[in-house]
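Trainee: Take this structure, written in structure tokens, and hold onto it; I'll ask about it next.
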Amino acid sequence: TQQKQHGDGKFHFAIDRGGTFTDVHCILPNGAEVVGKLLSVDPANYDDAPTEGIRRILDEHDPTGKNKYPRGQVVDTLLIGSIRMGTTVATNALLEREGEHMGLVITKGFGDLLKIGDQTRSDIFDLSCKAPEVLYEEVVEVDERVMLSDFFDENKSEEEIKSFEQKSQPLQSDDSNYQYSPNWPDAGVGKRITGITGEKIIPLRTPDANAVRASLQILADKGIKSLAIVFLHSYVYPEHEKMVGDIAKSMNCFSEISLSHEVMSMVKLVPRGHTACAAAYLTPKITEYLAGFTKGFDDGLMTNVQLDFMKSDGGLTPVNDFGGHQAILSGPAGGVVGYAKTAYRPSLDENGNEVNKPLPVIGFDMGGTSTDVSRYDGTLEHVFETTIAGVSIQAPQLDIHTVAAGGGSRLFLQNGLFVVGPESSKAHPGPVCYRKNGYLSVTDANVVLGRVIPEHFPNIFGPNEDEPLDIEGARAAFQALAEKNEAANGRTVEELAYGFIQVANEAMCRPIRNLTQMRGFDITKHALCCFGGAGPQHACAMARALGITKVYVHKYGGILSAYGLSLADSVVEEQEPAKEVYAVAKVDSGFDEDQDPSATTREARLEQLAEKARSSLTKQGYADDSIVIEKYLNMRYQGTDNAIMIKESKKTDANLPYAKTFVEQYHREFGFELEGRDILIDDFRVRAFVPGATPTPPPAVPLLGPPTPAGSTRAYFDSSTLTVSTYNFEDLMPGHEIEGPAILFQSISTIVLEIGCNAVVTADGDLDITVAPKKNEDDIKTDRGSEEEKAKIKEDPVQLSIYAHRFMGIAEQMGRTLARTAISVNIKERLDFSCALFTSDGGLVANAPHIPVHLGAMQSAVTFQVKYWNSKGREGIKEGDVFVSNHPQLAGGSHLPDITVITPVFHEGKILFFVASRGHHSDIGGISPGSMPPHSTKLEEEGARIVAFKLVKDGKFQESGITDILVNQEFGGTRNLKDNLSDLRAQVAANNSGIRLLHSLVNENGLDNVEAYMHFIQKKC
């Protein structure tokens, strides 16, 4: 317990109900804080873990001492002020497919659409790939249809359009099974109605109420309890969905009715449909859980206690507004809010004056089977479409990246490399040290190295769960691995275990690099905040590997998700689709600042959404002057598919301020700008919130020097076993300094301070760690050394494994950039592309797990370009050049639609490496669409043939030149030039991301080392 603030006489609970443990944080009536942890499922002792956690704290800390809270009886809520909860109930129901029995109501003719989905392939090498199961059990197709008039009226005069409007309206039928009738009107007949976006809508057929009611009754008779109603274009014209929803409500047969335009009013029927299904499928499970939760309390819970739940976007919402589609990341979101509110803060001196501005923070939550990473830089970062358990969710969610690496990740020696995961030993049988005939895992390595000490773990292992961790068993397993693998190379058990720890750290660094470097952020200008049980064991070593110098460990790091709930904002989001031009591009470059075509509509609609959101918060009891409004535009370049959510900037008085921010962010993430393209608005969004508590940054404390150690232990660091001091975290005082190497024990985690790390206890009792860099920058040579210096670099299996991770990580990041920036279905969804790294002579070094046929031929394509442009009479290869080719006979291509884009990587005027990407373009001309005619007799009948062309010259994209090649063909040019050009730009952007990351790798490790390990990897393969 710790005194924190003045209390209000009430208990305020924040509870994170996880899959294994439930964490509880409580502010007591006197303002003190208390925390607790208990099993999420323990039927022998209690029915519901959050209820039991609340009961225990009330029973122990009731200030009157008069009220009793016996187990098994309803809890008296008189002294409870608020309860905030994050839960994995919805996530588990989705993963295990244990939601409500639900049916899908969709536009006639589209009954199989969500089952078909899109062409995304999550694992292209999975030979037993199975389509994920849909959430619905039955489908009803409703004979309704609306049309966007733009697709019909585009080339028609006003008189022609007027004649269509005057024609008879669509017929209706009482028979839900009627077939096509010749009496139906032609497409485009009907009144033009203005939709939400301002687009004109033609209602072709209105749902037949009697037919709909009869179809829904059939669903109810089959046991369907929940409905998702998903109609074409309802995001812009929702009237038909509302009509069918009203019919369903009037029948009183369904517990949940989700209308897709209410769940998420965005374009794209498939993700909108999946999201509506998720809401209908999961919300009843949340309602069911809440019924069980409320049953444990008296009637005052729903009338006198503020009961809020954490949404996936990091905001709190009242229990009655908590939908299943908003709950997928409810648990992890609390941890993000926790570190955002505590670790993102300025450095202060002893008088409370600001010394340094806040550093952006990377959240690092390491568990047993997986690790979550996220980023915070003053604003919660959201994504608006994710796929979880095969279901696309189109809703604001925190941008949390998960990698299959944790304490339970299994260890292997394969092909001379140290391999960590992705297989997990899981909770059962677990690592070898759990004494259940388990698998060699990361936890075993930490035990063998003395970084996890059995004396500080309960005796809960072995068949009877009454034995300590088994050090000798783990050592024997490592010894056995060393004896049967040459890659162990005479290593001791400790050296072998330490090698695996280094590789595991690199595996967990990869998603952090993806989150920062891939998006153009300097990773070294971040702080690392670790939480969860296993994270503090690895944080210092990972920070050093990433070039990060600050690590932050909160005193409540083991329950940070619960603590974050106590600090979270109450949030209401409102969003509407749009079809507006924000900025008009000039012919040469830039935008016409005298034109603001969306000004009137934009401000009116944003203010309308703001008022709606503000009203929702005031109805919850919040004062109007406590509400903060943030306005956003979801923007994209004309002709592209990747929109970026841009927040309104209040620090500029420039015209078109959103455009400036959009261009800067687009350039940082993708490496280029699209000149001559208008900027469009796809959505208006408002986020209204009442700020939660934010701890005041503590002033610097006078340094007290090192505390008295609680003991000492033998542990392995870098290259030897050392005697290091150990400390109990609870015994430390503000101002205490601890020099690494050292080990600190928290109640549920172990903090490992590496050599060269210095920890200081802050005024709040948290731990600020300064990490020394792994090498002095002056010692890193970024130019080539002599042959003697190169000969001194010897192949090391651990370093080989780490470099393999780095090289593959670079290729993966190139692939992610390509998938995000491309516009075609082939590349964006089917992932029909490949990215790879090459040596200066064109030899393949590393590739991401992409298309094998691409990768097999790409080396030939690169080496051909090197020879071609360096041959006599050619202009050579210059910095700022990018090459393109596809010819399978002459230039190393696979087939013509696979176009390869190759970029040299220069350093001080010399070529160090090449990066390349190859993508399948849907059409490049020829005698038939698709450019793969089965009856062609010569290559030119299949489309454009490119032997060698500079796609970018002197840094400028050669649009006219590549257009001429693609269009002017003997047997017909490309039928989809816009997609060709967009995808080629995306390939250039992917290569640019690879160049940036390779330069970073050279700066970290030196050119000779990078080149040496490129050649070692080539030799190994």
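Ordering of the structure tokens sets the chain letters (A, B, ...); residue numbers start at 1 within each chain; ligands are numbered from 1 in the order shown.
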DSSP on the backbone, strand (DSSP E or B) only: what residues of segment 698-897 of chain A does that give? Format it as a VMD selection string.
Mentor: chain A and resid 705 711 to 717 720 to 728 736 to 739 742 to 745 750 to 753 757 to 761 767 to 771 833 to 839 844 to 847 882 to 885
Trainee: Take the residues from that selection and write them out as a short mmCIF file (atom, residue, chain, number, x, y, z; two decimals), in the first residue's frame, keeping N, CA and C atoms.
Mentor:
```
data_model
loop_
_atom_site.label_atom_id
_atom_site.label_comp_id
_atom_site.auth_asym_id
_atom_site.auth_seq_id
_atom_site.Cartn_x
_atom_site.Cartn_y
_atom_site.Cartn_z
N GLY A 705 23.29 7.25 -3.59
CA GLY A 705 24.31 6.24 -3.77
C GLY A 705 23.71 4.85 -3.76
N GLY A 711 21.57 -9.49 -1.06
CA GLY A 711 22.38 -10.69 -1.15
C GLY A 711 23.20 -10.65 -2.42
N SER A 712 23.68 -11.79 -2.82
CA SER A 712 24.46 -11.89 -4.06
C SER A 712 24.18 -13.24 -4.70
N THR A 713 24.54 -13.33 -5.99
CA THR A 713 24.33 -14.57 -6.72
C THR A 713 25.35 -14.65 -7.84
N ARG A 714 25.49 -15.83 -8.42
CA ARG A 714 26.37 -16.02 -9.56
C ARG A 714 25.52 -15.99 -10.83
N ALA A 715 25.88 -15.10 -11.76
CA ALA A 715 25.11 -14.97 -13.00
C ALA A 715 26.06 -14.69 -14.15
N TYR A 716 25.64 -15.08 -15.34
CA TYR A 716 26.48 -14.96 -16.54
C TYR A 716 26.14 -13.67 -17.26
N PHE A 717 27.18 -12.85 -17.55
CA PHE A 717 27.02 -11.62 -18.31
C PHE A 717 28.13 -11.54 -19.35
N SER A 720 31.39 -14.16 -19.16
CA SER A 720 31.87 -14.87 -17.97
C SER A 720 30.81 -14.86 -16.89
N THR A 721 30.96 -15.78 -15.94
CA THR A 721 30.07 -15.84 -14.79
C THR A 721 30.63 -14.96 -13.68
N LEU A 722 29.81 -14.06 -13.18
CA LEU A 722 30.23 -13.08 -12.19
C LEU A 722 29.41 -13.22 -10.91
N THR A 723 29.98 -12.74 -9.82
CA THR A 723 29.21 -12.60 -8.59
C THR A 723 28.58 -11.22 -8.60
N VAL A 724 27.24 -11.17 -8.60
CA VAL A 724 26.55 -9.88 -8.71
C VAL A 724 25.63 -9.69 -7.51
N SER A 725 25.40 -8.44 -7.17
CA SER A 725 24.53 -8.10 -6.05
C SER A 725 23.07 -8.27 -6.44
N THR A 726 22.25 -8.62 -5.48
CA THR A 726 20.80 -8.72 -5.68
C THR A 726 20.10 -7.74 -4.73
N TYR A 727 18.93 -7.25 -5.16
CA TYR A 727 18.19 -6.26 -4.38
C TYR A 727 16.70 -6.58 -4.43
N ASN A 728 16.02 -6.32 -3.33
CA ASN A 728 14.57 -6.40 -3.29
C ASN A 728 14.01 -5.02 -3.65
N HIS A 736 18.19 6.06 -4.68
CA HIS A 736 19.16 4.97 -4.68
C HIS A 736 19.67 4.73 -6.11
N GLU A 737 20.96 4.46 -6.23
CA GLU A 737 21.58 4.15 -7.52
C GLU A 737 22.10 2.72 -7.50
N ILE A 738 21.89 2.02 -8.59
CA ILE A 738 22.39 0.65 -8.69
C ILE A 738 23.14 0.51 -10.01
N GLU A 739 24.36 0.06 -9.93
CA GLU A 739 25.20 -0.11 -11.10
C GLU A 739 25.14 -1.56 -11.55
N ALA A 742 23.59 -6.34 -12.04
CA ALA A 742 22.87 -6.58 -10.80
C ALA A 742 21.52 -7.18 -11.15
N ILE A 743 20.88 -7.77 -10.15
CA ILE A 743 19.56 -8.37 -10.34
C ILE A 743 18.64 -7.84 -9.25
N LEU A 744 17.45 -7.35 -9.65
CA LEU A 744 16.47 -6.82 -8.72
C LEU A 744 15.22 -7.68 -8.76
N PHE A 745 14.61 -7.88 -7.61
CA PHE A 745 13.43 -8.73 -7.53
C PHE A 745 12.20 -7.90 -7.20
N THR A 750 11.56 -10.28 -12.42
CA THR A 750 12.98 -10.08 -12.12
C THR A 750 13.54 -9.05 -13.10
N ILE A 751 14.27 -8.07 -12.58
CA ILE A 751 14.87 -7.03 -13.41
C ILE A 751 16.37 -7.32 -13.51
N VAL A 752 16.87 -7.47 -14.72
CA VAL A 752 18.29 -7.75 -14.95
C VAL A 752 18.95 -6.47 -15.46
N LEU A 753 19.91 -5.96 -14.69
CA LEU A 753 20.71 -4.82 -15.11
C LEU A 753 21.98 -5.34 -15.75
N CYS A 757 24.91 -0.59 -17.31
CA CYS A 757 23.60 0.04 -17.08
C CYS A 757 23.56 0.61 -15.66
N ASN A 758 22.93 1.76 -15.54
CA ASN A 758 22.84 2.42 -14.24
C ASN A 758 21.38 2.74 -13.96
N ALA A 759 20.85 2.26 -12.82
CA ALA A 759 19.46 2.46 -12.46
C ALA A 759 19.34 3.43 -11.30
N VAL A 760 18.34 4.31 -11.38
CA VAL A 760 18.06 5.26 -10.30
C VAL A 760 16.59 5.12 -9.95
N VAL A 761 16.29 5.05 -8.64
CA VAL A 761 14.91 4.99 -8.17
C VAL A 761 14.36 6.40 -8.14
N LEU A 767 11.74 2.90 -11.71
CA LEU A 767 13.15 2.69 -12.00
C LEU A 767 13.50 3.31 -13.35
N ASP A 768 14.38 4.29 -13.35
CA ASP A 768 14.93 4.88 -14.58
C ASP A 768 16.31 4.28 -14.83
N ILE A 769 16.47 3.65 -15.98
CA ILE A 769 17.73 2.96 -16.28
C ILE A 769 18.40 3.64 -17.47
N THR A 770 19.66 3.97 -17.32
CA THR A 770 20.46 4.51 -18.42
C THR A 770 21.33 3.38 -18.97
N VAL A 771 21.26 3.17 -20.27
CA VAL A 771 21.96 2.06 -20.93
C VAL A 771 23.13 2.61 -21.72
N PHE A 833 4.29 -10.83 -54.37
CA PHE A 833 5.49 -10.01 -54.53
C PHE A 833 6.61 -10.63 -53.71
N SER A 834 7.82 -10.16 -53.93
CA SER A 834 8.98 -10.63 -53.17
C SER A 834 9.97 -9.48 -53.02
N CYS A 835 10.69 -9.49 -51.90
CA CYS A 835 11.71 -8.48 -51.64
C CYS A 835 12.97 -9.18 -51.14
N ALA A 836 14.13 -8.66 -51.51
CA ALA A 836 15.38 -9.32 -51.13
C ALA A 836 16.54 -8.33 -51.14
N LEU A 837 17.65 -8.77 -50.51
CA LEU A 837 18.88 -8.00 -50.43
C LEU A 837 19.97 -8.74 -51.22
N PHE A 838 20.89 -7.96 -51.83
CA PHE A 838 21.92 -8.54 -52.67
C PHE A 838 23.25 -7.85 -52.39
N THR A 839 24.34 -8.58 -52.64
CA THR A 839 25.68 -7.99 -52.50
C THR A 839 25.95 -7.04 -53.67
N LEU A 844 22.44 -13.01 -54.12
CA LEU A 844 21.36 -13.01 -53.14
C LEU A 844 21.91 -13.25 -51.74
N VAL A 845 21.49 -12.43 -50.79
CA VAL A 845 21.92 -12.57 -49.40
C VAL A 845 20.77 -13.03 -48.53
N ALA A 846 19.64 -12.32 -48.58
CA ALA A 846 18.52 -12.63 -47.71
C ALA A 846 17.23 -12.20 -48.37
N ASN A 847 16.20 -12.94 -48.09
CA ASN A 847 14.88 -12.60 -48.61
C ASN A 847 13.84 -12.87 -47.54
N VAL A 882 17.20 3.98 -60.34
CA VAL A 882 16.45 2.76 -60.01
C VAL A 882 16.13 2.07 -61.32
N PHE A 883 16.37 0.76 -61.40
CA PHE A 883 16.21 0.01 -62.65
C PHE A 883 14.94 -0.84 -62.61
N VAL A 884 14.38 -1.07 -63.79
CA VAL A 884 13.20 -1.92 -63.90
C VAL A 884 13.40 -2.87 -65.07
N SER A 885 12.95 -4.12 -64.88
CA SER A 885 13.04 -5.11 -65.96
C SER A 885 12.00 -6.20 -65.71
#
```
Trainee: Going by DSSP on the backbone, which bits of segment 57-133 of chain A are helix (DSSP H, G or I)? Write them as a VMD selection string, please.
Mentor: chain A and resid 57 to 61 89 to 96 113 to 116
Trainee: Measuring between only C-alpha atoms, which one of A:Glu603, A:Leu469, A:Tyr582, A:Gly692 shows the shortest distance to Tyr658 of chain A?
Mentor: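 Nearest to Tyr658 of chain A: A:Tyr582.
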Trainee: Within 12 Å of segment 31-41 of chain A, counting only C-alpha atoms, which residues qualify if same-chain residues fewer than 5 places away don't, as a PyMOL selection string?
Mentor: chain A and resi 1-26+46-58+60-61+63+87-89+555-563+566+747-748
Trainee: Take atom CA of Glu664 of chain A and atom CA of Arg519 of chain A and report the distance between them in Å, one decimal.
Mentor: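 Going from atom CA of Glu664 of chain A over to atom CA of Arg519 of chain A covers 11.8 Å.
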Trainee: So how many Å separate atom CA of Ala534 of chain A and atom CA of Met366 of chain A, to one decimal?
Mentor: 5.5 Å
